[in-house]
Amino acid sequence: MLSVVVFLPLLAAGVLAVLPRLADRAVAAVWIAVAGIELVLVVLLWIGYYAAADPGAADTADRPAGPAGPIAYETDLEWIPSLGSGYHIGVDGLSLPLVAMTAVLFLACAVYSLRARQPRMRGYTALFLALQTVSTGLFAALDLLLFFVFFDLSIALMYFVIAGWGHGNPARSALRFFLYTFVGSLALLVGFIGLYLAADPHTFDMVELARRTPLDGRAFAGGAVLLAVGIGLAVKTPLVPFHTWLPPAHTDAPAAGSAILAGVLLKMGAYGFARIAMPILPDAWSAWAPGIAAVGAVSVLYGALVALAQSDFKRMVAYTSVNHMGYVLLGLGAAGTAAAGSGGAAPAAAGLAVSGAAVQLVSHGLLTGALFLLAGVLYERGGGYDMGSYSGLATPAPRFAAVLAVAAFGSLGLPGLSGFIAEFQIFTGGLGLLPVQTALALPGILITAALLLRALQRLLLGGLRLPPGAGGGFGDLRAEESAAVVPLLALSVLIGLLPHTLLDVVAPAASAVADLVLR
Amino acid sequence: MTTTTLIGLLPEGILAFAAVAGLLLGSWLPRRRQWVVRALALAAVAAALAATGAAAAPAAQTVASGGYAVDAGLHAARAAVLVGTGLVVLTAADRFAGTRRETEVYVLLLLAAVGSLVLAGANGLLLLAVGYLLASIPLYALVAAAKDAPGTEGSLKFFLLGALFSVVLLGGTTVLLAAGGATGYTPLGAGLPEAPPAAAAAGAIAVLAALLFKAGAVPAHFWVPDATEGAPAPVAAFITTVPKIGALVAAYRIGAALPLEAAGDWSLLLACVSAATMVLGNLAAFAQDGVLRLLAYSTVGQVGFLLMGAAAYAGSAEALRGLLYYLAAYTVTNIGAFAAVCALPRAERIGDWRGLFGRRPWLALSLVVCLLGLVGTPPTAVFVGKLTVFTAAFDAGLVWLVVLAAVMTAASLFYYLRWILPLFQRPGAEDCGADAAAGAEPAGRWSTGVAIAAAAASLLLGAGAGPVLEFLDAAPLAG
């Protein structure tokens, strides 16, 4: 069942590539249909998982225990047995929300594409469908080699999206993106090989590795492997100072590409920290946790400050991604220090911090996806992202203004939206464990709030002014655009108002991960 | 010659017989009918592949009085050499069909393939020298087959360096014979520990130098770009692929069979050669604008990665299977990239390839798969190959080499992408004329087919790596 979810879009992409020429409209219809089926399947997975994870359920005992709670829908086939690598997939409380978020975001992009039609629609659609397979597969992968295959393919596919359909100077941005993240992935590969060789017998299986934690007690080897894995994931996340590929890639990518890049692909790095680095290298993680959290705090502050200095709306949103991913690392790093903390409150605080980080991943995916799609609307109407050349858009486009405001408020962490839940948990958990780093990061919230409010004010309020490229008018959101963006925000509000819908799944997994580091 | 020897050498025998028969046949056939020789060559390759498949089951053994090892190393080399030769013969059809030299081209390709196989199976220095000459001399002629100035220059460079290293090889053999009292690896392995270390080291390094020439590795790589550029493109595909297989298996065999640690750190020497090769090949490829020169330096870089497997011979059980798998993966992928070049012989510069995707999507996609395959992007076969040799080198304690190889892989990405990106761009104003752009000319049908088949094979070999690696795992080397 999970394999179907993973490979259905790829199958559809293959069919699209082989079929004779179709009308653009038909291609878009196929895309929306496939993305819709995906979402329905993921919802079914979620409902089924909910029942299985319930302690009262009869078959709980039979479920294999994974690194973060029970694994559902597991498939474990031999792939390259002589390398100790298998086709091992499954979802648990950590990955299921991300799989769901991926399905939602890709559906939003499919709906959005209905309006902002691209040239060479067939190739565009096929690339996005393939990307969906790769992203879903990465979050479901329980084997390091499989994880790496999906990780690398996501880079290659996104390269073609940016290079083929971007604007500005797409070739250069795409090359920079590819080189940067590919170097990171090679560091990751070296780290994976280290893990593989450290385990006896050699294996790439994440569940096995998390059970054995082969590098515990070997401070130097553990630290070196963590460094390799950490650099690889930090480039993808991205964390300061490995973030320089991100602004050009985001600015020059097509709107849906930016949404996927920020919403889904950036999560791969942060998810890797929680899925691979923490459970498999717990000793090294706790040893370096204060430093890791400090990197997170620096990313928070630096991302916020640089975003503050931007006049380009899309670049600004791109830098807030650096800021938001910094919170995730701060939470994960703080959790790693819990063992050194005093008293019985430490494990609970660690669980809270990890849970906040996981919620932040989902929340940021939804909100930043919405913001980038809205940036695409801005570009389509006005031909540019420069906030200085727009003003007073609330008058001609009230719906656009309202939706943008909700997305921005969500992004700055207003209570009632998902970002608040995430940041609240991270700071509550982190403050007790790592007061200095957490306190350092706190102004980040304030700066983000300031810059997002300032952006809203410059774009939406005041007298109407448009760049010359706009042709005199600024149309409001069309039905297709609303249909793409509003559900993302609705989900964010849902998580904000009824956090237990998400936390029921995330929190047990988060405390399981925290316990793994603490053992 | 015993029956065991005859059966053990069946694939090599089939190829040699087909070469002689093809030569006789070709001299009788009119020029329009020379495709018969091509069919004969392909049939011979297929028959030899079948013989390889049939012979792969028994355990490792040596034949010809211990001089020739029939084991997993040779079986894998046979499969790679034969598949590579078959693909090149098919590619050559576009270029050579109906020309005066058609028969000679196929005959020389078959003979050089036999030479590469003898290199891979040689279990003694004399047979190694025979294989070296057999794998070299036909290629000197082939490089100059077009009878033009670049071909002559490339061929002359190739020949002079080749002659020099064949003398070095024979000298090394003499020194080792004097020091160890034998030329067969097994008796030599017994005799060398008593020999003076300096003599043993000097002889072994001389033998290795010749193999590095065949593999196109630093410091014997100077011929690679010139010969690749000067030769007809199908021949370039052959000389950058097939002889490497024999040379690298032979280099591994020497490391594994002879007690060279007594004379110095053999593994470290190979690792240094590997590091120098990958750095030089990949950095030199940066500045190339001609696709053949770019591919030539890319093959130098690839040999650097392949040598990691040979360097890890001592420390890791995974080294041999990694090397053999990587060789097979490299053969398919590299020939696929060359086949795409063969399909569009007039697109010599990277800029000429602009917009190919719009005109010939399948050819462009195959090229993308092969180039990304050479980078080592999953799920292509070279990824698994790189993974296994990286693992082996890591296990053998060569962590610095693995880190360097990772950096070089990233560097290689840069020039492969320089070629990939124009494929998807619209032909722009900077192109001088419409007929310079790729796809304006008719693409070679056979070469296109080979490129697509090679790209598909690269993906299949990558996805089906499990059984292949398991097979390679089964048997140790004979001897």
# chains A, B, ... in the order shown; residues from 1 in each chain; ligands from 1
$ interface_residues --of "chain A" --to "chain B" --cutoff "10 Å" --atoms "only C-alpha atoms" --output "JSON, numbers by chain"
{"A": [78, 79, 80, 81, 82, 83, 84, 85, 86, 120, 145, 146, 148, 149, 150, 151, 152, 153, 155, 156, 159, 160, 163, 164, 171, 174, 175, 176, 178, 179, 180, 181, 182, 183, 184, 185, 186, 187, 188, 189, 190, 192, 193, 194, 196, 197, 198, 228]}
$ select_by_dssp --residues "segment 49-279 of chain A" --states "strand (DSSP E or B)" --output "number ranges by chain"
A: 65-67, 69-70, 72-80, 85-91, 141, 143, 205
$ write_last_selection --atoms "N, CA and C atoms" --output "CSV table (one decimal), in the first residue's frame"
chain,number,residue,atom,x,y,z
A,65,ALA,N,9.0,-2.4,16.3
A,65,ALA,CA,9.3,-1.2,16.9
A,65,ALA,C,10.4,-0.5,16.1
A,66,GLY,N,10.1,0.7,15.7
A,66,GLY,CA,11.1,1.5,14.9
A,66,GLY,C,11.8,2.5,15.8
A,67,PRO,N,12.7,3.3,15.2
A,67,PRO,CA,13.4,4.3,16.0
A,67,PRO,C,12.4,5.3,16.6
A,69,GLY,N,8.8,5.0,17.6
A,69,GLY,CA,7.5,4.4,17.8
A,69,GLY,C,7.2,3.3,16.7
A,70,PRO,N,6.0,2.7,16.8
A,70,PRO,CA,5.7,1.6,15.9
A,70,PRO,C,5.7,2.1,14.4
A,72,ALA,N,4.3,1.5,10.7
A,72,ALA,CA,3.2,0.9,10.0
A,72,ALA,C,3.5,0.7,8.5
A,73,TYR,N,2.7,-0.1,7.9
A,73,TYR,CA,2.8,-0.3,6.4
A,73,TYR,C,4.3,-0.7,6.0
A,74,GLU,N,4.9,-1.5,6.7
A,74,GLU,CA,6.3,-1.8,6.5
A,74,GLU,C,6.4,-2.8,5.3
A,75,THR,N,7.4,-2.5,4.4
A,75,THR,CA,7.8,-3.4,3.4
A,75,THR,C,9.3,-3.6,3.5
A,76,ASP,N,9.8,-4.8,3.6
A,76,ASP,CA,11.2,-5.0,3.7
A,76,ASP,C,11.6,-6.1,2.7
A,77,LEU,N,12.1,-5.7,1.5
A,77,LEU,CA,12.5,-6.7,0.5
A,77,LEU,C,14.0,-6.6,0.3
A,78,GLU,N,14.6,-7.7,-0.2
A,78,GLU,CA,16.0,-7.7,-0.5
A,78,GLU,C,16.2,-6.8,-1.8
A,79,TRP,N,17.3,-6.0,-1.7
A,79,TRP,CA,17.6,-5.2,-2.9
A,79,TRP,C,19.0,-5.5,-3.3
A,80,ILE,N,20.0,-5.1,-2.5
A,80,ILE,CA,21.4,-5.5,-2.8
A,80,ILE,C,21.8,-6.2,-1.5
A,85,SER,N,21.7,-3.9,2.1
A,85,SER,CA,20.8,-2.9,1.8
A,85,SER,C,19.5,-3.5,1.2
A,86,GLY,N,18.4,-3.0,1.7
A,86,GLY,CA,17.1,-3.5,1.2
A,86,GLY,C,16.2,-2.4,0.8
A,87,TYR,N,15.1,-2.8,0.2
A,87,TYR,CA,14.0,-1.9,-0.1
A,87,TYR,C,13.1,-1.9,1.1
A,88,HIS,N,13.5,-1.1,2.1
A,88,HIS,CA,12.8,-1.1,3.4
A,88,HIS,C,12.1,0.2,3.6
A,89,ILE,N,10.8,0.2,3.5
A,89,ILE,CA,10.0,1.4,3.7
A,89,ILE,C,9.0,1.2,4.8
A,90,GLY,N,8.5,2.3,5.3
A,90,GLY,CA,7.4,2.2,6.3
A,90,GLY,C,7.2,3.6,6.9
A,91,VAL,N,6.2,3.9,7.6
A,91,VAL,CA,6.0,5.2,8.2
A,91,VAL,C,5.7,5.1,9.7
A,141,ALA,N,11.5,6.1,3.5
A,141,ALA,CA,12.7,5.1,3.4
A,141,ALA,C,13.2,4.8,4.8
A,143,ASP,N,16.0,2.7,4.9
A,143,ASP,CA,17.3,2.2,4.6
A,143,ASP,C,18.1,3.3,4.1
A,205,ASP,N,20.5,-0.7,7.0
A,205,ASP,CA,19.1,-0.6,7.5
A,205,ASP,C,19.0,0.3,8.7
$ residues_around --residues "Ala178 of chain B" --least-positions-apart "2" --cutoff "10 Å" --atoms "only C-alpha atoms" --output "list in words"
Gly172, Thr173, Thr174, Val175, Leu176, Gly180, Gly181, Ala182, Thr183, Leu192, Ala195, Ala199, Ala200 and Gly203 of chain B
$ write_last_selection --atoms "N, CA, C and O atoms" --output "CSV table (one decimal), in the first residue's frame"
chain,number,residue,atom,x,y,z
B,172,GLY,N,60.6,-4.8,-16.8
B,172,GLY,CA,60.1,-5.2,-15.4
B,172,GLY,C,60.0,-6.7,-15.3
B,172,GLY,O,60.3,-7.2,-14.2
B,173,THR,N,59.5,-7.3,-16.3
B,173,THR,CA,59.3,-8.8,-16.3
B,173,THR,C,60.7,-9.4,-16.1
B,173,THR,O,60.9,-10.4,-15.3
B,174,THR,N,61.7,-8.9,-16.8
B,174,THR,CA,63.1,-9.5,-16.7
B,174,THR,C,63.6,-9.3,-15.3
B,174,THR,O,64.1,-10.3,-14.7
B,175,VAL,N,63.4,-8.1,-14.7
B,175,VAL,CA,63.9,-7.9,-13.4
B,175,VAL,C,63.2,-8.8,-12.3
B,175,VAL,O,63.8,-9.4,-11.5
B,176,LEU,N,61.9,-8.9,-12.5
B,176,LEU,CA,61.2,-9.8,-11.6
B,176,LEU,C,61.6,-11.3,-11.7
B,176,LEU,O,61.7,-12.0,-10.7
B,180,GLY,N,62.8,-13.0,-8.6
B,180,GLY,CA,62.0,-14.1,-7.9
B,180,GLY,C,62.1,-15.4,-8.6
B,180,GLY,O,61.6,-16.4,-8.0
B,181,GLY,N,62.8,-15.5,-9.7
B,181,GLY,CA,63.1,-16.8,-10.2
B,181,GLY,C,61.9,-17.4,-11.0
B,181,GLY,O,62.0,-18.6,-11.4
B,182,ALA,N,60.9,-16.7,-11.4
B,182,ALA,CA,59.8,-17.2,-12.2
B,182,ALA,C,59.0,-16.0,-12.8
B,182,ALA,O,59.2,-14.9,-12.4
B,183,THR,N,58.1,-16.4,-13.7
B,183,THR,CA,57.2,-15.3,-14.2
B,183,THR,C,55.8,-15.6,-13.9
B,183,THR,O,55.0,-14.7,-13.9
B,192,LEU,N,59.6,-14.2,-4.3
B,192,LEU,CA,59.9,-12.8,-4.1
B,192,LEU,C,60.3,-12.5,-2.7
B,192,LEU,O,61.2,-11.6,-2.5
B,195,ALA,N,63.9,-12.2,-2.4
B,195,ALA,CA,64.6,-11.3,-3.3
B,195,ALA,C,64.9,-10.0,-2.7
B,195,ALA,O,64.3,-9.6,-1.7
B,199,ALA,N,64.8,-4.6,-6.0
B,199,ALA,CA,64.6,-5.2,-7.3
B,199,ALA,C,63.2,-5.5,-7.5
B,199,ALA,O,62.6,-5.3,-8.5
B,200,ALA,N,62.6,-6.1,-6.5
B,200,ALA,CA,61.2,-6.5,-6.5
B,200,ALA,C,60.3,-5.3,-6.8
B,200,ALA,O,59.4,-5.3,-7.6
B,203,GLY,N,60.8,-3.9,-10.4
B,203,GLY,CA,60.2,-4.7,-11.4
B,203,GLY,C,58.7,-4.5,-11.4
B,203,GLY,O,58.0,-4.3,-12.4
$ residues_around --residues "segment 136-152 of chain B" --least-positions-apart "2" --cutoff "9 Å" --atoms "only C-alpha atoms" --output "NGL selection string"
:B and (101 or 104-105 or 107-109 or 111-112 or 115-116 or 131-134 or 154-159 or 162 or 214 or 226-232 or 235-236 or 238-239 or 243)
$ atom_distance --atom1 "atom CA of Gln437 of chain A" --atom2 "atom CA of Ala450 of chain A"
21.4 Å
$ residues_around --residues "Leu292 of chain B" --least-positions-apart "6" --cutoff "12 Å" --atoms "only C-alpha atoms" --output "count of residues only"
33
